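Below is one structure, written out as structure tokens; comments come after it.
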Amino acid sequence: MDLSFLILNYKTKGLTRNLVKNIGELKLPYQYELIVGDNSNDGTGDMLSELYGDLPNLKFLSLPDRGCGIGNNELAKYASGKYLVILNPDIYFLPGTIEKLYQYLENHSSAALIAPRLIYGNGNLQPSCFRFYKRMTPIYRRTSLGQTKAGQKDLNRFLMKDCDLSQVQDVDWLMGAFWVVRRSAFEELGGFDEGYFMYFEDTDFCLRLHQKNYQVIYYPLAQAVHLHAKESDSGSLLKSLFNRLLWVHIKSSRRFFKKIKD
């Protein structure tokens with residue numbers, strides 16, 4: 001098996017349906033399987049059975065809601081592909097993207113993970129490759145403190161504003177919305193750190209890849225649409241302080257920084 005597509009659904013039945021349809025329309029020249037997990041009990045399993053029940057390469061798992069990392073680890077246990085394609089349901093593939101990423105990994109053994117350029121639904125570039133966080137970076141990103149001089153300086157560093165992002169390059173970490181990762185490397189790391197419920201599991205995974213001397217490749221010569229919204233960004237500092245997802249982000253950041261210190 002060449003590719004295992006892993007899709008974790010959480011109350012996104014319509015997006016998951018569209019993604020499965022999108023993958024089928026790509027006419028990929030590889031052997032692949034689709035492994036869909038649902039941790040929201042929103043009827044996704046019944047929908048897939050009704051629409052795609054005759055697909056021999058489609059598996060569905062009903063999972064408890066224990067977070068993104070744990071969910072994807074569970075899906076990976078059922079994967080047999082050489083490469084894992086880890087996806088958010090709100091991804092839309094453009095022609096040729098998978099083929100370009102696949103061939104890069106085939107030709108570069110030091111690369112363990114690769115991701116394309118991501119764009120919003122309106123075609124604008126979406127930041128998806130980053131330098132590692134400093135301790136204030138999550139606060140700058142999620143509150144109006146990011147508009148201060150210190151905040152702008154750190155965010156420009158974090159967002160790699162000084163780099164030519166039209167070039168293929170090894171980066172600190174990649175947003176986990178769309179990855180192609182060697183299954184051997186994923187298993188070597190033991191998958192995602194399950195201590196993260198949400199946020200930072202992708203940052204942590206990339207850090208551990210670098211520690212194993214693997215490359216994490218941003219590949220802007222291929223692209224995909226990501227219909228992404230900042231759920232933990234409430235706009236103002238006061239509103240953000242009462243946003244539950246902001247606190248989840250901060251809790252995850254504390255775990256990440258403790259791991260770096262240790």
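By order in the structure tokens, chains are A, B, ...; within a chain, residues start at 1; ligands start at 1, following the order shown.
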Next on the checklist: Could you list, as a ChimeraX atom specification, every residue within 9 Å of range 199-216 of chain A, counting only C-alpha atoms and ignoring same-chain residues fewer than 4 positions away?
Outcome noted: /A:68-69,109-115,132-133,169-176,185-186,189,191-195,248-250,252-253,255-256,259
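Residue neighbourhood of Tyr92 in chain A, excluding near-sequence residues (fewer than 5 positions): Asn18, Leu19, Asn22, Ile23, Ala224, Val225, His226 and Leu227 of chain A, at 9 Å, using only C-alpha atoms.
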Checklist entry - Could you name the residues that touch Pro29 in chain A at 10 Å or less, counting only C-alpha atoms, but leaving out those on the same chain fewer than 4 positions away, as number ranges by chain? => result A: 2, 98-99
Just the selected residues (C-alpha atoms), exported as a PDB file, in the first residue's frame, please.
```
ATOM      1  CA  ASP A   2       1.388   3.391  -0.994  1.00  0.00           C
ATOM      2  CA  ILE A  98      -0.324  14.398  -3.850  1.00  0.00           C
ATOM      3  CA  GLU A  99       1.857  13.216  -6.732  1.00  0.00           C
TER       4      GLU A  99
END
```
Next on the checklist: Write out as a VMD selection string the set of residues from range 27-112 of chain A that DSSP, computed on the backbone, places in helix (DSSP H, G or I).
Outcome noted: chain A and resid 44 to 52 68 to 76 97 to 107
Output the selection as a CSV table (one decimal), in the first residue's frame - N, CA and C atoms for each residue.
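That gives us part_17.csv:
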```csv
chain,number,residue,atom,x,y,z
A,44,THR,N,-21.5,10.6,10.8
A,44,THR,CA,-20.6,10.5,9.7
A,44,THR,C,-20.5,9.1,9.2
A,45,GLY,N,-20.5,8.1,10.2
A,45,GLY,CA,-20.4,6.7,9.8
A,45,GLY,C,-21.6,6.3,8.9
A,46,ASP,N,-22.8,6.6,9.3
A,46,ASP,CA,-24.0,6.3,8.5
A,46,ASP,C,-23.9,6.9,7.1
A,47,MET,N,-23.5,8.2,7.1
A,47,MET,CA,-23.4,8.9,5.8
A,47,MET,C,-22.4,8.2,4.9
A,48,LEU,N,-21.2,7.9,5.4
A,48,LEU,CA,-20.2,7.2,4.6
A,48,LEU,C,-20.7,5.8,4.1
A,49,SER,N,-21.4,5.1,5.0
A,49,SER,CA,-21.9,3.8,4.6
A,49,SER,C,-22.9,3.9,3.5
A,50,GLU,N,-23.7,5.0,3.5
A,50,GLU,CA,-24.8,5.2,2.5
A,50,GLU,C,-24.2,5.6,1.2
A,51,LEU,N,-23.2,6.5,1.2
A,51,LEU,CA,-22.7,7.1,0.0
A,51,LEU,C,-21.5,6.3,-0.6
A,52,TYR,N,-20.7,5.7,0.3
A,52,TYR,CA,-19.5,5.1,-0.2
A,52,TYR,C,-19.3,3.7,0.4
A,68,CYS,N,-7.1,15.5,19.3
A,68,CYS,CA,-6.6,15.4,17.9
A,68,CYS,C,-5.5,14.3,17.8
A,69,GLY,N,-4.5,14.5,18.6
A,69,GLY,CA,-3.3,13.6,18.6
A,69,GLY,C,-3.7,12.2,18.8
A,70,ILE,N,-4.5,11.9,19.9
A,70,ILE,CA,-4.9,10.6,20.2
A,70,ILE,C,-5.8,10.0,19.1
A,71,GLY,N,-6.7,10.8,18.5
A,71,GLY,CA,-7.5,10.3,17.4
A,71,GLY,C,-6.7,9.9,16.2
A,72,ASN,N,-5.7,10.7,15.8
A,72,ASN,CA,-4.9,10.3,14.7
A,72,ASN,C,-4.0,9.2,15.0
A,73,ASN,N,-3.5,9.0,16.2
A,73,ASN,CA,-2.8,7.8,16.5
A,73,ASN,C,-3.6,6.6,16.4
A,74,GLU,N,-4.9,6.7,16.8
A,74,GLU,CA,-5.8,5.5,16.6
A,74,GLU,C,-6.0,5.1,15.2
A,75,LEU,N,-6.2,6.2,14.3
A,75,LEU,CA,-6.3,5.9,12.9
A,75,LEU,C,-5.1,5.3,12.3
A,76,ALA,N,-3.9,5.7,12.7
A,76,ALA,CA,-2.6,5.2,12.2
A,76,ALA,C,-2.4,3.8,12.5
A,97,THR,N,-1.2,17.7,-6.5
A,97,THR,CA,-0.5,17.9,-5.2
A,97,THR,C,0.0,16.7,-4.6
A,98,ILE,N,-0.8,15.6,-4.5
A,98,ILE,CA,-0.3,14.4,-3.9
A,98,ILE,C,0.9,13.8,-4.6
A,99,GLU,N,0.8,13.8,-5.9
A,99,GLU,CA,1.9,13.2,-6.7
A,99,GLU,C,3.2,13.9,-6.5
A,100,LYS,N,3.2,15.3,-6.4
A,100,LYS,CA,4.4,16.0,-6.2
A,100,LYS,C,5.0,15.7,-4.8
A,101,LEU,N,4.1,15.7,-3.8
A,101,LEU,CA,4.6,15.4,-2.4
A,101,LEU,C,5.2,14.0,-2.3
A,102,TYR,N,4.5,13.0,-2.9
A,102,TYR,CA,4.9,11.6,-2.9
A,102,TYR,C,6.3,11.5,-3.5
A,103,GLN,N,6.4,12.1,-4.7
A,103,GLN,CA,7.7,11.9,-5.4
A,103,GLN,C,8.9,12.6,-4.7
A,104,TYR,N,8.6,13.7,-4.0
A,104,TYR,CA,9.7,14.3,-3.2
A,104,TYR,C,10.1,13.4,-2.1
A,105,LEU,N,9.2,12.8,-1.4
A,105,LEU,CA,9.6,11.9,-0.3
A,105,LEU,C,10.3,10.6,-0.9
A,106,GLU,N,9.9,10.2,-2.0
A,106,GLU,CA,10.5,9.0,-2.7
A,106,GLU,C,12.0,9.3,-3.0
A,107,ASN,N,12.3,10.6,-3.4
A,107,ASN,CA,13.6,11.0,-3.8
A,107,ASN,C,14.5,11.6,-2.8
```
Checklist entry - Nearest to Asn156 in chain A: which of A:Phe60, A:Val168, A:Leu221, A:Thr137 is it, counting only C-alpha atoms? => result A:Thr137
Could you give me the residues within range 8-243 of chain A that DSSP places in strand (DSSP E or B), as a short mmCIF file (atom, residue, chain, number, x, y, z; two decimals) with C-alpha atoms, in the first residue's frame?
```cif
data_model
loop_
_atom_site.label_atom_id
_atom_site.label_comp_id
_atom_site.auth_asym_id
_atom_site.auth_seq_id
_atom_site.Cartn_x
_atom_site.Cartn_y
_atom_site.Cartn_z
CA LEU A 8 -10.43 12.75 11.84
CA ASN A 9 -13.98 14.11 11.91
CA TYR A 32 -4.34 3.92 -1.26
CA GLU A 33 -6.83 3.55 1.56
CA LEU A 34 -9.06 6.02 3.40
CA ILE A 35 -9.37 5.70 7.17
CA VAL A 36 -11.99 8.00 8.66
CA GLY A 37 -12.49 8.40 12.38
CA ASP A 38 -15.32 10.24 14.11
CA LEU A 58 -12.60 2.87 3.00
CA LYS A 59 -12.53 2.16 6.76
CA PHE A 60 -14.57 3.95 9.41
CA LEU A 61 -13.84 4.08 13.14
CA SER A 62 -16.01 5.50 15.90
CA TYR A 83 3.08 7.19 3.76
CA LEU A 84 0.39 8.60 6.03
CA VAL A 85 -1.61 11.53 4.64
CA ILE A 86 -2.90 13.23 7.79
CA LEU A 87 -5.78 15.57 6.97
CA ILE A 91 -8.92 20.40 3.04
CA TYR A 92 -9.57 20.46 -0.70
CA PHE A 93 -6.97 18.89 -3.00
CA ALA A 111 12.73 14.07 4.63
CA ALA A 112 10.18 12.47 6.95
CA LEU A 113 7.34 14.95 6.58
CA ILE A 114 6.19 17.22 3.78
CA ALA A 115 3.29 19.63 3.31
CA PRO A 116 2.17 21.87 0.46
CA ARG A 117 1.45 25.56 0.30
CA LEU A 118 -1.98 26.15 1.81
CA ILE A 119 -4.41 28.77 0.55
CA LEU A 125 -1.88 32.49 1.08
CA GLN A 126 -2.41 30.88 4.47
CA CYS A 129 5.13 26.91 8.03
CA PHE A 130 6.70 28.44 11.10
CA GLN A 169 12.84 24.38 2.31
CA ASP A 170 13.38 22.56 5.59
CA TRP A 173 7.35 22.96 11.87
CA LEU A 174 4.28 22.73 9.65
CA PHE A 178 -2.31 18.43 5.68
CA TRP A 179 0.81 16.32 6.10
CA VAL A 180 2.37 13.48 4.21
CA VAL A 181 4.63 11.63 6.65
CA ARG A 182 6.65 8.45 6.41
CA GLN A 215 13.85 17.06 7.60
CA VAL A 216 10.41 18.75 7.72
CA ILE A 217 9.77 20.07 4.23
CA TYR A 218 7.59 22.98 3.17
CA TYR A 219 6.80 22.39 -0.51
CA PRO A 220 5.11 25.43 -2.09
CA LEU A 221 5.31 23.99 -5.61
CA ALA A 222 2.14 22.09 -4.69
CA GLN A 223 -0.87 23.60 -2.98
CA ALA A 224 -4.23 22.79 -1.40
CA VAL A 225 -7.18 24.76 -0.11
CA HIS A 226 -7.70 24.88 3.66
#
```
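The space separating CA of Tyr120 in chain A from CA of Leu159 in chain A comes to 16.5 Å.
Closest approach to Phe158 in chain A among A:Gly190, A:Lys134, A:Ile139, A:Leu3 is made by A:Lys134 (distances from only C-alpha atoms).
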Checklist outcome for this item: Nearest to Ser184 in chain A, restricted to only C-alpha atoms and choosing among A:Ala79, A:Leu63, A:Ala150, A:Leu6, comes out as A:Ala79
Item to check | Interatomic distance, CA of Gln147 in chain A to CA of Ser166 in chain A (Å, one decimal) | outcome: 26.2 Å
Item to check | Atomic separation - CA of Gln152 in chain A relative to CA of Ser128 in chain A, Å | outcome: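 Going from CA of Ser128 in chain A over to CA of Gln152 in chain A covers 17.7 Å.
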Item to check | Selected residue of minimal separation from Glu187 in chain A among A:Lys21, A:Lys161, A:Arg66, A:Lys82, counting only C-alpha atoms | outcome: A:Lys82
Next on the checklist: So, with only C-alpha atoms as the atoms that count, which of A:Asp42, A:Pro89, A:Asp54, A:Asp65 lies closest to Val20 in chain A?
Outcome noted: A:Pro89
